[in-house]
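Enquirer: Below is the file run_6.pdb, which contains PDB, N, CA and C atoms.
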```pdb
ATOM      1  N   VAL A   1      13.948 -10.417  23.543
ATOM      2  CA  VAL A   1      15.372 -10.212  23.752
ATOM      3  C   VAL A   1      15.759 -10.877  25.063
ATOM      4  N   ASN A   2      16.593 -11.877  24.986
ATOM      5  CA  ASN A   2      17.053 -12.566  26.190
ATOM      6  C   ASN A   2      15.892 -12.925  27.110
ATOM      7  N   SER A   3      14.822 -13.465  26.551
ATOM      8  CA  SER A   3      13.605 -13.887  27.270
ATOM      9  C   SER A   3      12.787 -12.729  27.818
ATOM     10  N   ILE A   4      13.023 -11.519  27.356
ATOM     11  CA  ILE A   4      12.246 -10.342  27.769
ATOM     12  C   ILE A   4      11.387  -9.910  26.578
ATOM     13  N   ALA A   5      10.094  -9.748  26.824
ATOM     14  CA  ALA A   5       9.187  -9.309  25.759
ATOM     15  C   ALA A   5       9.283  -7.796  25.593
ATOM     16  N   THR A   6       9.810  -7.370  24.476
ATOM     17  CA  THR A   6       9.895  -5.933  24.178
ATOM     18  C   THR A   6       8.663  -5.577  23.354
ATOM     19  N   THR A   7       7.599  -5.240  24.041
ATOM     20  CA  THR A   7       6.291  -5.071  23.401
ATOM     21  C   THR A   7       6.216  -3.923  22.398
ATOM     22  N   THR A   8       7.087  -2.938  22.521
ATOM     23  CA  THR A   8       7.079  -1.841  21.548
ATOM     24  C   THR A   8       8.251  -1.938  20.575
ATOM     25  N   GLY A   9       8.898  -3.089  20.529
ATOM     26  CA  GLY A   9       9.957  -3.315  19.549
ATOM     27  C   GLY A   9      11.302  -2.783  19.977
ATOM     28  N   GLY A  10      11.981  -2.177  19.038
ATOM     29  CA  GLY A  10      13.302  -1.640  19.310
ATOM     30  C   GLY A  10      14.213  -1.801  18.116
ATOM     31  N   THR A  11      15.487  -1.603  18.360
ATOM     32  CA  THR A  11      16.458  -1.629  17.272
ATOM     33  C   THR A  11      16.579  -3.010  16.637
ATOM     34  N   HIS A  12      16.367  -4.070  17.418
ATOM     35  CA  HIS A  12      16.447  -5.420  16.864
ATOM     36  C   HIS A  12      15.312  -5.668  15.865
ATOM     37  N   VAL A  13      14.123  -5.171  16.160
ATOM     38  CA  VAL A  13      12.985  -5.317  15.251
ATOM     39  C   VAL A  13      13.205  -4.453  14.010
ATOM     40  N   ASN A  14      13.681  -3.242  14.201
ATOM     41  CA  ASN A  14      13.956  -2.350  13.066
ATOM     42  C   ASN A  14      14.980  -2.963  12.120
ATOM     43  N   TYR A  15      15.994  -3.609  12.684
ATOM     44  CA  TYR A  15      17.062  -4.222  11.896
ATOM     45  C   TYR A  15      16.497  -5.287  10.952
ATOM     46  N   ILE A  16      15.640  -6.143  11.459
ATOM     47  CA  ILE A  16      15.041  -7.202  10.646
ATOM     48  C   ILE A  16      13.980  -6.628   9.710
ATOM     49  N   ALA A  17      13.146  -5.737  10.221
ATOM     50  CA  ALA A  17      12.079  -5.140   9.404
ATOM     51  C   ALA A  17      12.659  -4.387   8.212
ATOM     52  N   ASP A  18      13.764  -3.698   8.407
ATOM     53  CA  ASP A  18      14.394  -2.960   7.308
ATOM     54  C   ASP A  18      14.878  -3.904   6.209
ATOM     55  N   GLN A  19      15.389  -5.065   6.595
ATOM     56  CA  GLN A  19      15.824  -6.042   5.596
ATOM     57  C   GLN A  19      14.633  -6.565   4.798
ATOM     58  N   ILE A  20      13.536  -6.861   5.501
ATOM     59  CA  ILE A  20      12.350  -7.402   4.838
ATOM     60  C   ILE A  20      11.705  -6.356   3.936
ATOM     61  N   THR A  21      11.483  -5.160   4.465
ATOM     62  CA  THR A  21      10.810  -4.131   3.666
ATOM     63  C   THR A  21      11.680  -3.669   2.500
ATOM     64  N   GLY A  22      12.979  -3.635   2.695
ATOM     65  CA  GLY A  22      13.880  -3.283   1.594
ATOM     66  C   GLY A  22      13.784  -4.293   0.464
ATOM     67  N   SER A  23      13.736  -5.561   0.827
ATOM     68  CA  SER A  23      13.606  -6.618  -0.170
ATOM     69  C   SER A  23      12.249  -6.554  -0.866
ATOM     70  N   LEU A  24      11.187  -6.289  -0.100
ATOM     71  CA  LEU A  24       9.851  -6.168  -0.691
ATOM     72  C   LEU A  24       9.777  -4.994  -1.663
ATOM     73  N   LEU A  25      10.424  -3.887  -1.312
ATOM     74  CA  LEU A  25      10.426  -2.727  -2.215
ATOM     75  C   LEU A  25      11.127  -3.042  -3.531
ATOM     76  N   LYS A  26      12.233  -3.777  -3.458
ATOM     77  CA  LYS A  26      12.943  -4.158  -4.683
ATOM     78  C   LYS A  26      12.058  -5.038  -5.560
ATOM     79  N   ALA A  27      11.367  -5.993  -4.925
ATOM     80  CA  ALA A  27      10.469  -6.870  -5.677
ATOM     81  C   ALA A  27       9.313  -6.071  -6.270
ATOM     82  N   LEU A  28       8.832  -5.119  -5.516
ATOM     83  CA  LEU A  28       7.729  -4.274  -5.977
ATOM     84  C   LEU A  28       8.161  -3.388  -7.140
ATOM     85  N   ASP A  29       9.390  -2.891  -7.087
ATOM     86  CA  ASP A  29       9.923  -2.078  -8.187
ATOM     87  C   ASP A  29       9.944  -2.876  -9.492
ATOM     88  N   LYS A  30      10.248  -4.172  -9.385
ATOM     89  CA  LYS A  30      10.281  -5.018 -10.578
ATOM     90  C   LYS A  30       8.877  -5.274 -11.107
ATOM     91  N   LYS A  31       7.911  -5.436 -10.193
ATOM     92  CA  LYS A  31       6.537  -5.744 -10.596
ATOM     93  C   LYS A  31       5.782  -4.526 -11.095
ATOM     94  N   LYS A  32       5.938  -3.417 -10.396
ATOM     95  CA  LYS A  32       5.139  -2.239 -10.728
ATOM     96  C   LYS A  32       6.006  -0.991 -10.625
ATOM     97  N   LYS A  33       6.383  -0.493 -11.757
ATOM     98  CA  LYS A  33       7.202   0.722 -11.789
ATOM     99  C   LYS A  33       6.348   1.938 -11.443
ATOM    100  N   GLY A  34       6.953   2.919 -10.827
ATOM    101  CA  GLY A  34       6.269   4.170 -10.551
ATOM    102  C   GLY A  34       5.358   4.162  -9.337
ATOM    103  N   HIS A  35       5.470   3.145  -8.504
ATOM    104  CA  HIS A  35       4.655   3.136  -7.289
ATOM    105  C   HIS A  35       5.187   4.184  -6.315
ATOM    106  N   SER A  36       4.372   4.548  -5.361
ATOM    107  CA  SER A  36       4.796   5.578  -4.402
ATOM    108  C   SER A  36       4.966   5.019  -2.994
ATOM    109  N   LEU A  37       5.048   3.707  -2.874
ATOM    110  CA  LEU A  37       5.176   3.103  -1.549
ATOM    111  C   LEU A  37       6.593   3.248  -1.015
ATOM    112  N   LYS A  38       6.678   3.391   0.283
ATOM    113  CA  LYS A  38       7.958   3.506   0.978
ATOM    114  C   LYS A  38       8.049   2.397   2.010
ATOM    115  N   GLN A  39       9.229   2.250   2.612
ATOM    116  CA  GLN A  39       9.411   1.212   3.617
ATOM    117  C   GLN A  39       8.428   1.365   4.767
ATOM    118  N   SER A  40       8.129   2.581   5.156
ATOM    119  CA  SER A  40       7.206   2.789   6.274
ATOM    120  C   SER A  40       5.801   2.291   5.931
ATOM    121  N   HIS A  41       5.391   2.417   4.664
ATOM    122  CA  HIS A  41       4.087   1.903   4.246
ATOM    123  C   HIS A  41       4.054   0.385   4.366
ATOM    124  N   LEU A  42       5.122  -0.247   3.904
ATOM    125  CA  LEU A  42       5.191  -1.702   3.963
ATOM    126  C   LEU A  42       5.234  -2.186   5.405
ATOM    127  N   ARG A  43       5.957  -1.471   6.215
ATOM    128  CA  ARG A  43       6.132  -1.879   7.611
ATOM    129  C   ARG A  43       4.801  -1.895   8.365
ATOM    130  N   ASN A  44       3.883  -1.037   7.990
ATOM    131  CA  ASN A  44       2.578  -1.009   8.645
ATOM    132  C   ASN A  44       1.765  -2.266   8.371
ATOM    133  N   HIS A  45       2.193  -3.080   7.413
ATOM    134  CA  HIS A  45       1.432  -4.265   7.026
ATOM    135  C   HIS A  45       2.110  -5.576   7.399
ATOM    136  N   ILE A  46       3.160  -5.511   8.176
ATOM    137  CA  ILE A  46       3.822  -6.752   8.572
ATOM    138  C   ILE A  46       3.875  -6.859  10.091
ATOM    139  N   PHE A  47       3.904  -8.082  10.554
ATOM    140  CA  PHE A  47       4.037  -8.377  11.977
ATOM    141  C   PHE A  47       5.275  -9.237  12.127
ATOM    142  N   ILE A  48       6.165  -8.842  13.013
ATOM    143  CA  ILE A  48       7.424  -9.557  13.181
ATOM    144  C   ILE A  48       7.571  -9.997  14.629
ATOM    145  N   PHE A  49       7.874 -11.262  14.809
ATOM    146  CA  PHE A  49       8.195 -11.799  16.128
ATOM    147  C   PHE A  49       9.641 -12.252  16.067
ATOM    148  N   ILE A  50      10.462 -11.739  16.962
ATOM    149  CA  ILE A  50      11.887 -12.066  16.961
ATOM    150  C   ILE A  50      12.267 -12.641  18.316
ATOM    151  N   ASN A  51      12.932 -13.776  18.286
ATOM    152  CA  ASN A  51      13.469 -14.390  19.490
ATOM    153  C   ASN A  51      14.988 -14.313  19.354
ATOM    154  N   CYS A  52      15.630 -13.485  20.160
ATOM    155  CA  CYS A  52      17.064 -13.282  19.985
ATOM    156  C   CYS A  52      17.779 -13.123  21.321
ATOM    157  N   PHE A  53      19.073 -13.330  21.264
ATOM    158  CA  PHE A  53      19.940 -13.091  22.412
ATOM    159  C   PHE A  53      20.907 -11.978  22.040
ATOM    160  N   ILE A  54      20.905 -10.924  22.818
ATOM    161  CA  ILE A  54      21.748  -9.759  22.576
ATOM    162  C   ILE A  54      22.676  -9.595  23.773
ATOM    163  N   GLU A  55      23.951  -9.377  23.497
ATOM    164  CA  GLU A  55      24.912  -9.152  24.576
ATOM    165  C   GLU A  55      24.681  -7.785  25.203
ATOM    166  N   ASN A  56      24.520  -7.748  26.499
ATOM    167  CA  ASN A  56      24.329  -6.510  27.268
ATOM    168  C   ASN A  56      23.291  -5.570  26.642
ATOM    169  N   PRO A  57      22.048  -6.012  26.531
ATOM    170  CA  PRO A  57      21.034  -5.152  25.918
ATOM    171  C   PRO A  57      20.713  -3.930  26.773
ATOM    172  N   ALA A  58      20.394  -2.832  26.107
ATOM    173  CA  ALA A  58      19.970  -1.602  26.789
ATOM    174  C   ALA A  58      18.516  -1.344  26.405
ATOM    175  N   PHE A  59      17.755  -0.819  27.363
ATOM    176  CA  PHE A  59      16.332  -0.578  27.143
ATOM    177  C   PHE A  59      16.001   0.869  27.458
ATOM    178  N   ASN A  60      14.837   1.315  26.980
ATOM    179  CA  ASN A  60      14.458   2.713  27.166
ATOM    180  C   ASN A  60      13.933   2.998  28.566
ATOM    181  N   SER A  61      13.552   1.966  29.314
ATOM    182  CA  SER A  61      13.045   2.179  30.670
ATOM    183  C   SER A  61      13.187   0.893  31.476
ATOM    184  N   GLN A  62      12.823   0.959  32.740
ATOM    185  CA  GLN A  62      12.899  -0.223  33.595
ATOM    186  C   GLN A  62      11.912  -1.302  33.172
ATOM    187  N   THR A  63      10.848  -0.912  32.506
ATOM    188  CA  THR A  63       9.862  -1.900  32.062
ATOM    189  C   THR A  63      10.352  -2.714  30.864
ATOM    190  N   LYS A  64      11.425  -2.293  30.248
ATOM    191  CA  LYS A  64      12.088  -3.005  29.150
ATOM    192  C   LYS A  64      11.142  -3.303  27.989
ATOM    193  N   GLU A  65      10.341  -2.319  27.628
ATOM    194  CA  GLU A  65       9.402  -2.493  26.527
ATOM    195  C   GLU A  65      10.039  -2.253  25.164
ATOM    196  N   GLN A  66      11.162  -1.542  25.140
ATOM    197  CA  GLN A  66      11.817  -1.239  23.868
ATOM    198  C   GLN A  66      13.327  -1.312  24.042
ATOM    199  N   MET A  67      13.980  -2.108  23.168
ATOM    200  CA  MET A  67      15.432  -2.213  23.228
ATOM    201  C   MET A  67      16.057  -1.059  22.456
ATOM    202  N   THR A  68      17.097  -0.468  23.022
ATOM    203  CA  THR A  68      17.751   0.681  22.396
ATOM    204  C   THR A  68      19.206   0.412  22.008
ATOM    205  N   THR A  69      19.688  -0.801  22.216
ATOM    206  CA  THR A  69      21.065  -1.138  21.870
ATOM    207  C   THR A  69      21.298  -0.924  20.376
ATOM    208  N   LYS A  70      22.418  -0.302  20.027
ATOM    209  CA  LYS A  70      22.753  -0.072  18.622
ATOM    210  C   LYS A  70      23.063  -1.402  17.939
ATOM    211  N   VAL A  71      22.760  -1.485  16.659
ATOM    212  CA  VAL A  71      22.987  -2.703  15.885
ATOM    213  C   VAL A  71      24.451  -3.124  15.956
ATOM    214  N   SER A  72      25.351  -2.176  15.941
ATOM    215  CA  SER A  72      26.783  -2.484  15.980
ATOM    216  C   SER A  72      27.206  -3.122  17.296
ATOM    217  N   GLN A  73      26.359  -3.035  18.312
ATOM    218  CA  GLN A  73      26.683  -3.596  19.624
ATOM    219  C   GLN A  73      25.911  -4.877  19.932
ATOM    220  N   PHE A  74      25.233  -5.463  18.945
ATOM    221  CA  PHE A  74      24.451  -6.679  19.172
ATOM    222  C   PHE A  74      25.318  -7.870  19.575
ATOM    223  N   GLY A  75      26.540  -7.920  19.116
ATOM    224  CA  GLY A  75      27.408  -9.053  19.418
ATOM    225  C   GLY A  75      27.388 -10.108  18.320
ATOM    226  N   SER A  76      26.461 -10.005  17.399
ATOM    227  CA  SER A  76      26.382 -10.902  16.248
ATOM    228  C   SER A  76      25.564 -10.206  15.162
ATOM    229  N   LYS A  77      25.546 -10.819  13.983
ATOM    230  CA  LYS A  77      24.775 -10.250  12.876
ATOM    231  C   LYS A  77      23.726 -11.266  12.437
ATOM    232  N   CYS A  78      22.603 -10.766  12.011
ATOM    233  CA  CYS A  78      21.544 -11.614  11.468
ATOM    234  C   CYS A  78      21.166 -11.055  10.105
ATOM    235  N   VAL A  79      21.755 -11.627   9.086
ATOM    236  CA  VAL A  79      21.442 -11.208   7.724
ATOM    237  C   VAL A  79      20.492 -12.252   7.151
ATOM    238  N   LEU A  80      19.309 -11.809   6.773
ATOM    239  CA  LEU A  80      18.308 -12.730   6.243
ATOM    240  C   LEU A  80      18.748 -13.249   4.883
ATOM    241  N   GLY A  81      18.553 -14.535   4.670
ATOM    242  CA  GLY A  81      18.977 -15.173   3.432
ATOM    243  C   GLY A  81      18.119 -14.800   2.241
ATOM    244  N   ASP A  82      18.712 -14.898   1.055
ATOM    245  CA  ASP A  82      17.999 -14.571  -0.178
ATOM    246  C   ASP A  82      16.768 -15.452  -0.373
ATOM    247  N   ASN A  83      16.885 -16.739  -0.038
ATOM    248  CA  ASN A  83      15.745 -17.644  -0.210
ATOM    249  C   ASN A  83      14.573 -17.220   0.662
ATOM    250  N   PHE A  84      14.852 -16.817   1.889
ATOM    251  CA  PHE A  84      13.803 -16.363   2.805
ATOM    252  C   PHE A  84      13.143 -15.094   2.271
ATOM    253  N   LEU A  85      13.950 -14.144   1.838
ATOM    254  CA  LEU A  85      13.416 -12.882   1.321
ATOM    255  C   LEU A  85      12.632 -13.088   0.025
ATOM    256  N   LYS A  86      13.098 -14.008  -0.821
ATOM    257  CA  LYS A  86      12.368 -14.308  -2.055
ATOM    258  C   LYS A  86      11.028 -14.963  -1.739
ATOM    259  N   ALA A  87      11.000 -15.819  -0.718
ATOM    260  CA  ALA A  87       9.749 -16.477  -0.326
ATOM    261  C   ALA A  87       8.731 -15.449   0.155
ATOM    262  N   ILE A  88       9.198 -14.459   0.882
ATOM    263  CA  ILE A  88       8.296 -13.397   1.341
ATOM    264  C   ILE A  88       7.782 -12.603   0.143
ATOM    265  N   ALA A  89       8.669 -12.298  -0.783
ATOM    266  CA  ALA A  89       8.275 -11.523  -1.965
ATOM    267  C   ALA A  89       7.278 -12.289  -2.834
ATOM    268  N   LYS A  90       7.378 -13.618  -2.850
ATOM    269  CA  LYS A  90       6.460 -14.432  -3.645
ATOM    270  C   LYS A  90       5.117 -14.625  -2.951
ATOM    271  N   SER A  91       5.052 -14.315  -1.678
ATOM    272  CA  SER A  91       3.790 -14.468  -0.948
ATOM    273  C   SER A  91       2.793 -13.404  -1.411
ATOM    274  N   ASP A  92       1.630 -13.437  -0.840
ATOM    275  CA  ASP A  92       0.594 -12.461  -1.194
ATOM    276  C   ASP A  92       0.838 -11.093  -0.571
ATOM    277  N   ALA A  93       1.916 -10.938   0.150
ATOM    278  CA  ALA A  93       2.176  -9.693   0.880
ATOM    279  C   ALA A  93       2.180  -8.476  -0.039
ATOM    280  N   ILE A  94       2.910  -8.543  -1.130
ATOM    281  CA  ILE A  94       3.019  -7.387  -2.023
ATOM    282  C   ILE A  94       1.666  -7.053  -2.640
ATOM    283  N   GLU A  95       0.949  -8.076  -3.089
ATOM    284  CA  GLU A  95      -0.364  -7.837  -3.696
ATOM    285  C   GLU A  95      -1.329  -7.217  -2.693
ATOM    286  N   ASN A  96      -1.322  -7.730  -1.468
ATOM    287  CA  ASN A  96      -2.206  -7.185  -0.435
ATOM    288  C   ASN A  96      -1.877  -5.728  -0.132
ATOM    289  N   ILE A  97      -0.609  -5.418  -0.058
ATOM    290  CA  ILE A  97      -0.191  -4.044   0.229
ATOM    291  C   ILE A  97      -0.554  -3.128  -0.937
ATOM    292  N   MET A  98      -0.344  -3.600  -2.159
ATOM    293  CA  MET A  98      -0.698  -2.793  -3.332
ATOM    294  C   MET A  98      -2.211  -2.561  -3.400
ATOM    295  N   ASP A  99      -2.988  -3.590  -3.082
ATOM    296  CA  ASP A  99      -4.449  -3.431  -3.065
ATOM    297  C   ASP A  99      -4.867  -2.388  -2.045
ATOM    298  N   PHE A 100      -4.258  -2.453  -0.865
ATOM    299  CA  PHE A 100      -4.576  -1.485   0.183
ATOM    300  C   PHE A 100      -4.217  -0.072  -0.267
ATOM    301  N   ALA A 101      -3.035   0.075  -0.854
ATOM    302  CA  ALA A 101      -2.589   1.398  -1.306
ATOM    303  C   ALA A 101      -3.506   1.934  -2.400
ATOM    304  N   GLN A 102      -3.940   1.051  -3.301
ATOM    305  CA  GLN A 102      -4.838   1.479  -4.378
ATOM    306  C   GLN A 102      -6.190   1.919  -3.822
ATOM    307  N   LYS A 103      -6.717   1.161  -2.873
ATOM    308  CA  LYS A 103      -7.997   1.525  -2.254
ATOM    309  C   LYS A 103      -7.893   2.848  -1.511
ATOM    310  N   LYS A 104      -6.770   3.052  -0.845
ATOM    311  CA  LYS A 104      -6.559   4.304  -0.116
ATOM    312  C   LYS A 104      -6.474   5.476  -1.095
ATOM    313  N   ALA A 105      -5.772   5.275  -2.198
ATOM    314  CA  ALA A 105      -5.649   6.333  -3.209
ATOM    315  C   ALA A 105      -7.008   6.633  -3.835
ATOM    316  N   ASP A 106      -7.779   5.590  -4.116
ATOM    317  CA  ASP A 106      -9.117   5.788  -4.683
ATOM    318  C   ASP A 106     -10.014   6.551  -3.721
ATOM    319  N   LYS A 107      -9.902   6.241  -2.453
ATOM    320  CA  LYS A 107     -10.708   6.924  -1.433
ATOM    321  C   LYS A 107     -10.335   8.401  -1.360
ATOM    322  N   MET A 108      -9.039   8.690  -1.452
ATOM    323  CA  MET A 108      -8.580  10.082  -1.410
ATOM    324  C   MET A 108      -9.075  10.849  -2.642
ATOM    325  N   LEU A 109      -9.079  10.192  -3.793
ATOM    326  CA  LEU A 109      -9.531  10.843  -5.021
ATOM    327  C   LEU A 109     -11.032  11.107  -5.012
ATOM    328  N   SER A 110     -11.777  10.240  -4.351
ATOM    329  CA  SER A 110     -13.231  10.407  -4.328
ATOM    330  C   SER A 110     -13.680  11.539  -3.413
ATOM    331  N   LYS A 111     -12.790  12.016  -2.556
ATOM    332  CA  LYS A 111     -13.153  13.100  -1.627
ATOM    333  C   LYS A 111     -13.130  14.436  -2.279
TER
END
```
What is this structure when it is put down as structure tokens?
Expert:
Amino acid sequence: VNSIATTTGGTHVNYIADQITGSLLKALDKKKKGHSLKQSHLRNHIFIFINCFIENPAFNSQTKEQMTTKVSQFGSKCVLGDNFLKAIAKSDAIENIMDFAQKKADKMLSK
């Protein structure tokens, strides 16, 4: 954010991550009905790097590790395009996440 590394993320990361995970969930719903994955499950499997400029950003502390500015106060909007979201959905991301979830479920059942 404005050349400051927010190492623990913040509202700007949540804003983008929610768009990506929401799109992945929709794609997953089409591929596999009845799954139990949620956005938080998907979010644990993605890494996001964002380079952005925010008008008058607010942070949780002087170390500026997490931005707390509300999305409505960003000064601009960043809506990810359909082509970008479709490209992510076509990647191996969904399959990898489903494999992980299946292995975790199998492990729980074996206990």
Enquirer: By how many Å are atom N of Leu42 of chain A and atom C of Thr8 of chain A apart?
Expert: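 Computing it gives 17.0 Å between the two atoms.
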Enquirer: For Val79 of chain A, which of A:Phe47, A:Phe100, A:Tyr15, A:Phe59 is the closest residue, counting only C-alpha atoms?
Expert: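 Closest candidate: A:Tyr15.
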Enquirer: Determine which residues of segment 39-78 of chain A DSSP labels as helix (DSSP H, G or I) from the backbone of this structure, then write them out as a ChimeraX atom specification.
Expert: /A:39-43,71-73
Enquirer: Which residue is closest to Lys90 of chain A? Choose from A:Gly34, A:Gln19, A:Gly9, A:Ala27 and count all atoms listed in the file.
Expert: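 The shortest atom-to-atom distance to Lys90 of chain A comes from A:Ala27.
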Enquirer: Given all atoms listed in the file as the basis, pick out the residue of A:Ile20, A:Val13, A:Val71, A:Met98 nearest to Gln39 of chain A.
Expert: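 The shortest atom-to-atom distance to Gln39 of chain A comes from A:Ile20.
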Enquirer: Excluding Ser3 of chain A and its own-chain neighbours fewer than 5 positions away, which residues fall within 8 Å of it when counting all atoms listed in the file? Please give them as a tab-separated table (two decimals) with N, CA and C atoms, in the coordinates of the input.
Expert:
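The resulting result.tsv:
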```tsv
chain	number	residue	atom	x	y	z
A	51	ASN	N	12.93	-13.78	18.29
A	51	ASN	CA	13.47	-14.39	19.49
A	51	ASN	C	14.99	-14.31	19.35
A	52	CYS	N	15.63	-13.48	20.16
A	52	CYS	CA	17.06	-13.28	19.98
A	52	CYS	C	17.78	-13.12	21.32
A	53	PHE	N	19.07	-13.33	21.26
A	53	PHE	CA	19.94	-13.09	22.41
A	53	PHE	C	20.91	-11.98	22.04
A	54	ILE	N	20.90	-10.92	22.82
A	54	ILE	CA	21.75	-9.76	22.58
A	54	ILE	C	22.68	-9.60	23.77
```
Enquirer: Calculate how many Å separate atom N of Ile46 of chain A from atom CA of Ile94 of chain A, rounding to one decimal.
Expert: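 Atom-to-atom, atom N of Ile46 of chain A and atom CA of Ile94 of chain A are spaced 10.4 Å apart.
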Enquirer: Select, from A:Thr11, A:Leu85, A:Ile48, A:Asn56, the residue with the minimum atom-to-atom distance to Leu24 of chain A, counting all atoms listed in the file.
Expert: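 The closest residue to Leu24 of chain A is A:Leu85.
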Enquirer: Please report the interatomic distance between atom CA of Thr69 of chain A and atom CA of Glu55 of chain A in Å with one decimal.
Expert: 9.3 Å
Enquirer: Could you check which of A:Gln73, A:Ser40, A:Thr68, A:Asn83 is closest to Asp18 of chain A, using only C-alpha atoms?
Expert: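 Smallest distance to Asp18 of chain A is found for A:Ser40.
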Enquirer: Which residues, written as a list in words, have at least one atom at most 7 Å from Thr7 of chain A, with all atoms listed in the file counted and residues fewer than 4 positions away on the same chain left out?
Expert: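 After dropping sequence-adjacent residues, the list is Lys64, Glu65 and Gln66 of chain A.
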Enquirer: Carefully work through the PyMOL selection byres (((chain A and resi 36 and name CA) around 12) and name CA) for this structure and note down the residues it includes, as a VMD selection string.
Expert: chain A and resid 25 28 to 29 32 to 35 37 to 42 97 to 98 101 to 102 105
